[in-house]
Amino acid sequence: MNTPLTAVAISCTLKPSPASSSSDLLATQLLDALAAHDVTGDLVRAVDFSLSPGVEKDMGDGDEWPRIRQQVLDADILVFVTPTWMGQHSSVAQRVLERLDAELGESDEDGRPILFDKVAIAGVVGNEDGAHHIAAILFQSLNDVGYTVPAQSSVYWNGEAMQTTDYKDLEETPEKVASAISTATRNAAHLARLLKAQKYPAE
């Protein structure tokens, strides 16, 4: 029997709730696929929260990042999804990455970075190029703060440039995207269980 795991998906759409969002859709699809591997998870739309600029755990004065941070710390798997704007990840995604920077100064009881033994996968959607570039930025940033990246763990959809059809408007999930979702979530669950069973060594 598989060891139960948990996940949190952070959608970095620029659209506040209740607007429909392609990033939210992809994040939900990734969570649903993880559920098939005994991973339970929640979706967080970051733009719905007041995330203060800065690189501390809590910036005070109404900062709502600590609520999201706790979900991140509790989860074995982080699903990080962003839209593509001007060939880049969203400003909301950048804010989340900057807030995660605080974890570089946090250690567990063994003196290891607090995000060691956790796994991250990425999703990117947009009507322009940039998915590979964005995935590279996300994975470097997330690995830098302690996350481990599984094999083939970026899932993306690029629509036709300068057109109005979004990922959420498609009648069905493209076969290649569905296959990428399956691979990324299967590998993420597998790797997360390995790290849960045998942690990275302390110094």
# chains A, B, ... in the order shown; residues from 1 in each chain; ligands from 1
>>> residues_around(residues="Ile121 (chain A)", least_positions_apart="3", cutoff="8 Å", atoms="only C-alpha atoms", output="CSV table (one decimal) with C-alpha atoms, in the first residue's frame")
chain,number,residue,atom,x,y,z
A,77,ILE,CA,4.6,18.1,-3.1
A,78,LEU,CA,4.3,21.6,-4.4
A,79,VAL,CA,2.5,22.1,-7.6
A,80,PHE,CA,3.5,25.6,-9.0
A,139,PHE,CA,12.9,24.8,-11.2
A,149,VAL,CA,12.6,18.2,-9.1
A,150,PRO,CA,11.4,14.9,-10.6
A,153,SER,CA,7.9,17.3,-14.3
A,154,SER,CA,7.0,20.4,-16.2
A,184,ALA,CA,4.8,14.5,-13.9
A,185,THR,CA,2.4,13.4,-11.2
A,188,ALA,CA,6.4,13.3,-8.3
>>> residues_around(residues="region 165-182 of chain A", least_positions_apart="4", cutoff="8 Å", atoms="only C-alpha atoms", output="list in words")
Ser20, Ser21, Ser22, Leu25, Gln29, Leu30, Ala33, Val125, Gly126, Asn127, Gln152, Ser153, Ser154, Val155, Tyr156, Trp157, Gly159, Glu160 and Arg186 of chain A
>>> write_last_selection(atoms="N, CA, C and O atoms", output="short mmCIF file (atom, residue, chain, number, x, y, z; two decimals), in the first residue's frame")
data_model
loop_
_atom_site.label_atom_id
_atom_site.label_comp_id
_atom_site.auth_asym_id
_atom_site.auth_seq_id
_atom_site.Cartn_x
_atom_site.Cartn_y
_atom_site.Cartn_z
N SER A 20 -12.83 32.68 -14.03
CA SER A 20 -12.27 31.40 -14.47
C SER A 20 -10.82 31.59 -14.87
O SER A 20 -10.42 32.68 -15.32
N SER A 21 -10.02 30.55 -14.71
CA SER A 21 -8.58 30.68 -14.90
C SER A 21 -8.00 29.41 -15.50
O SER A 21 -8.23 28.30 -15.00
N SER A 22 -7.21 29.58 -16.56
CA SER A 22 -6.52 28.44 -17.16
C SER A 22 -5.49 27.86 -16.21
O SER A 22 -5.28 26.64 -16.15
N LEU A 25 -7.25 25.72 -13.78
CA LEU A 25 -7.67 24.46 -14.41
C LEU A 25 -6.52 23.48 -14.46
O LEU A 25 -6.66 22.31 -14.07
N GLN A 29 -6.16 19.89 -12.56
CA GLN A 29 -5.89 18.64 -13.28
C GLN A 29 -4.68 17.92 -12.70
O GLN A 29 -4.67 16.69 -12.58
N LEU A 30 -3.67 18.67 -12.31
CA LEU A 30 -2.49 18.06 -11.70
C LEU A 30 -2.83 17.47 -10.33
O LEU A 30 -2.38 16.36 -9.99
N ALA A 33 -4.75 14.24 -10.89
CA ALA A 33 -3.86 13.15 -11.29
C ALA A 33 -3.04 12.66 -10.11
O ALA A 33 -2.79 11.44 -9.98
N VAL A 125 0.84 27.86 -18.65
CA VAL A 125 -0.14 27.99 -19.73
C VAL A 125 -0.07 29.39 -20.32
O VAL A 125 0.23 30.36 -19.62
N GLY A 126 -0.32 29.49 -21.64
CA GLY A 126 -0.31 30.81 -22.25
C GLY A 126 -0.46 30.76 -23.75
O GLY A 126 -0.34 29.69 -24.37
N ASN A 127 -0.72 31.91 -24.33
CA ASN A 127 -0.87 32.02 -25.78
C ASN A 127 0.38 32.61 -26.43
O ASN A 127 0.29 33.35 -27.40
N GLN A 152 11.03 14.92 -15.94
CA GLN A 152 9.93 15.36 -16.82
C GLN A 152 8.73 15.88 -16.03
O GLN A 152 7.61 15.42 -16.21
N SER A 153 9.00 16.87 -15.19
CA SER A 153 7.95 17.33 -14.29
C SER A 153 7.44 18.73 -14.60
O SER A 153 6.87 19.40 -13.76
N SER A 154 7.63 19.18 -15.85
CA SER A 154 6.98 20.43 -16.24
C SER A 154 5.89 20.11 -17.25
O SER A 154 6.09 19.32 -18.18
N VAL A 155 4.72 20.68 -17.03
CA VAL A 155 3.56 20.48 -17.90
C VAL A 155 3.17 21.83 -18.46
O VAL A 155 2.99 22.79 -17.71
N TYR A 156 3.06 21.92 -19.79
CA TYR A 156 2.72 23.23 -20.36
C TYR A 156 1.80 23.10 -21.57
O TYR A 156 1.73 22.06 -22.22
N TRP A 157 1.10 24.19 -21.82
CA TRP A 157 0.30 24.33 -23.03
C TRP A 157 0.52 25.73 -23.58
O TRP A 157 0.36 26.72 -22.87
N GLY A 159 -0.89 28.09 -26.54
CA GLY A 159 -1.85 28.30 -27.59
C GLY A 159 -1.23 29.05 -28.75
O GLY A 159 -0.08 29.50 -28.69
N GLU A 160 -1.99 29.18 -29.83
CA GLU A 160 -1.50 29.91 -30.99
C GLU A 160 -1.27 31.37 -30.61
O GLU A 160 -2.11 32.00 -29.96
N ARG A 186 2.98 11.10 -11.65
CA ARG A 186 3.47 9.77 -11.26
C ARG A 186 4.88 9.84 -10.71
O ARG A 186 5.20 9.27 -9.67
#
>>> closest_residue(among="A:Leu73, A:Asn158, A:Gln198, A:Asn143", to="Asp108 (chain A)", atoms="only C-alpha atoms")
A:Leu73
>>> select_by_dssp(residues="region 103-134 of chain A", states="strand (DSSP E)", output="list in words")
Val119, Ala120, Ile121, Ala122, Gly123, Val124, Val125 and Gly126 of chain A
>>> closest_residue(among="A:Ala151, A:Ala192, A:Val92, A:Leu14", to="Ala75 (chain A)", atoms="only C-alpha atoms")
A:Ala192
>>> residues_around(residues="Ala102 (chain A)", least_positions_apart="3", cutoff="10 Å", atoms="only C-alpha atoms", output="PyMOL selection string")
chain A and resi 54-58+97-99+105-106+145
>>> closest_residue(among="A:Leu43, A:Ala197, A:Ala136, A:Cys12", to="Thr84 (chain A)", atoms="only C-alpha atoms")
A:Cys12
>>> select_by_dssp(residues="region 74-139 of chain A", states="alpha helix (DSSP H)", output="list in words")
Asp74, Ser91, Val92, Ala93, Gln94, Arg95, Val96, Leu97, Glu98, Arg99, Leu100, Ala131, His132, His133, Ile134, Ala135, Ala136, Ile137, Leu138 and Phe139 of chain A
>>> residues_around(residues="Glu64 (chain A)", least_positions_apart="4", cutoff="10 Å", atoms="only C-alpha atoms", output="PyMOL selection string")
chain A and resi 46+48-52+58-60+68-69
>>> write_last_selection(atoms="all heavy atoms", output="compact mmCIF listing (two decimals), in the first residue's frame")
# COMPACT_ATOMS: atom_id res chain seq x y z
N ALA A 46 -3.15 32.36 -5.43
CA ALA A 46 -2.34 33.31 -4.67
C ALA A 46 -2.84 34.75 -4.76
O ALA A 46 -2.74 35.50 -3.79
CB ALA A 46 -0.88 33.24 -5.12
N ASP A 48 -5.67 35.89 -4.61
CA ASP A 48 -6.78 36.16 -3.70
C ASP A 48 -6.29 36.57 -2.31
O ASP A 48 -7.11 36.92 -1.44
CB ASP A 48 -7.68 34.93 -3.56
CG ASP A 48 -8.49 34.66 -4.82
OD1 ASP A 48 -8.63 35.59 -5.64
OD2 ASP A 48 -9.00 33.54 -4.97
N PHE A 49 -4.99 36.50 -2.08
CA PHE A 49 -4.42 36.82 -0.77
C PHE A 49 -3.55 38.07 -0.87
O PHE A 49 -3.02 38.40 -1.93
CB PHE A 49 -3.56 35.66 -0.26
CG PHE A 49 -4.34 34.40 0.00
CD1 PHE A 49 -4.62 33.52 -1.04
CD2 PHE A 49 -4.80 34.10 1.28
CE1 PHE A 49 -5.35 32.36 -0.81
CE2 PHE A 49 -5.52 32.95 1.51
CZ PHE A 49 -5.79 32.08 0.47
N SER A 50 -3.43 38.75 0.24
CA SER A 50 -2.56 39.92 0.31
C SER A 50 -1.15 39.45 0.65
O SER A 50 -0.85 39.14 1.81
CB SER A 50 -3.07 40.89 1.38
OG SER A 50 -2.20 42.00 1.51
N LEU A 51 -0.30 39.35 -0.37
CA LEU A 51 1.07 38.88 -0.19
C LEU A 51 2.00 40.07 -0.28
O LEU A 51 2.25 40.62 -1.36
CB LEU A 51 1.42 37.83 -1.25
CG LEU A 51 0.47 36.64 -1.36
CD1 LEU A 51 0.98 35.65 -2.40
CD2 LEU A 51 0.27 35.96 -0.02
N SER A 52 2.52 40.47 0.85
CA SER A 52 3.37 41.66 0.88
C SER A 52 4.69 41.40 0.18
O SER A 52 5.20 40.28 0.18
CB SER A 52 3.64 42.06 2.33
OG SER A 52 2.43 42.33 3.02
N ASP A 58 7.15 36.44 7.47
CA ASP A 58 5.98 37.25 7.80
C ASP A 58 6.39 38.71 7.74
O ASP A 58 7.22 39.16 8.53
CB ASP A 58 5.47 36.88 9.20
CG ASP A 58 4.14 37.53 9.55
OD1 ASP A 58 3.75 38.49 8.85
OD2 ASP A 58 3.50 37.08 10.51
N MET A 59 5.78 39.44 6.80
CA MET A 59 6.11 40.85 6.64
C MET A 59 5.23 41.75 7.51
O MET A 59 5.38 42.97 7.49
CB MET A 59 5.98 41.26 5.17
CG MET A 59 6.90 40.50 4.23
SD MET A 59 8.67 40.65 4.63
CE MET A 59 8.92 42.40 4.42
N GLY A 60 4.30 41.14 8.28
CA GLY A 60 3.45 41.91 9.19
C GLY A 60 2.45 42.77 8.46
O GLY A 60 2.29 42.70 7.24
N ILE A 68 -0.40 30.73 3.61
CA ILE A 68 0.01 29.88 2.49
C ILE A 68 1.29 29.13 2.85
O ILE A 68 1.45 27.95 2.52
CB ILE A 68 0.20 30.73 1.22
CG1 ILE A 68 -1.12 31.42 0.84
CG2 ILE A 68 0.72 29.88 0.07
CD1 ILE A 68 -0.99 32.36 -0.34
N ARG A 69 2.19 29.82 3.52
CA ARG A 69 3.46 29.19 3.90
C ARG A 69 3.23 27.92 4.71
O ARG A 69 3.92 26.92 4.50
CB ARG A 69 4.31 30.19 4.71
CG ARG A 69 5.63 29.58 5.21
CD ARG A 69 6.44 30.59 6.00
NE ARG A 69 7.71 30.00 6.39
CZ ARG A 69 7.93 29.42 7.57
NH1 ARG A 69 6.96 29.36 8.48
NH2 ARG A 69 9.11 28.89 7.85
>>> atom_distance(atom1="CA of Gly87 (chain A)", atom2="CA of Lys15 (chain A)")
17.8 Å
>>> atom_distance(atom1="CA of Val47 (chain A)", atom2="CA of Arg67 (chain A)")
13.3 Å
>>> closest_residue(among="A:Val39, A:Met162, A:Val81, A:Leu104", to="Thr3 (chain A)", atoms="only C-alpha atoms")
A:Val39
>>> atom_distance(atom1="CA of Ile114 (chain A)", atom2="CA of Val44 (chain A)")
20.9 Å
>>> closest_residue(among="A:Ala202, A:Thr148, A:Asn2, A:Ala189", to="Glu109 (chain A)", atoms="only C-alpha atoms")
A:Ala202
>>> closest_residue(among="A:Ala19, A:Leu34, A:Leu191, A:Ala120", to="Ser141 (chain A)", atoms="only C-alpha atoms")
A:Ala120
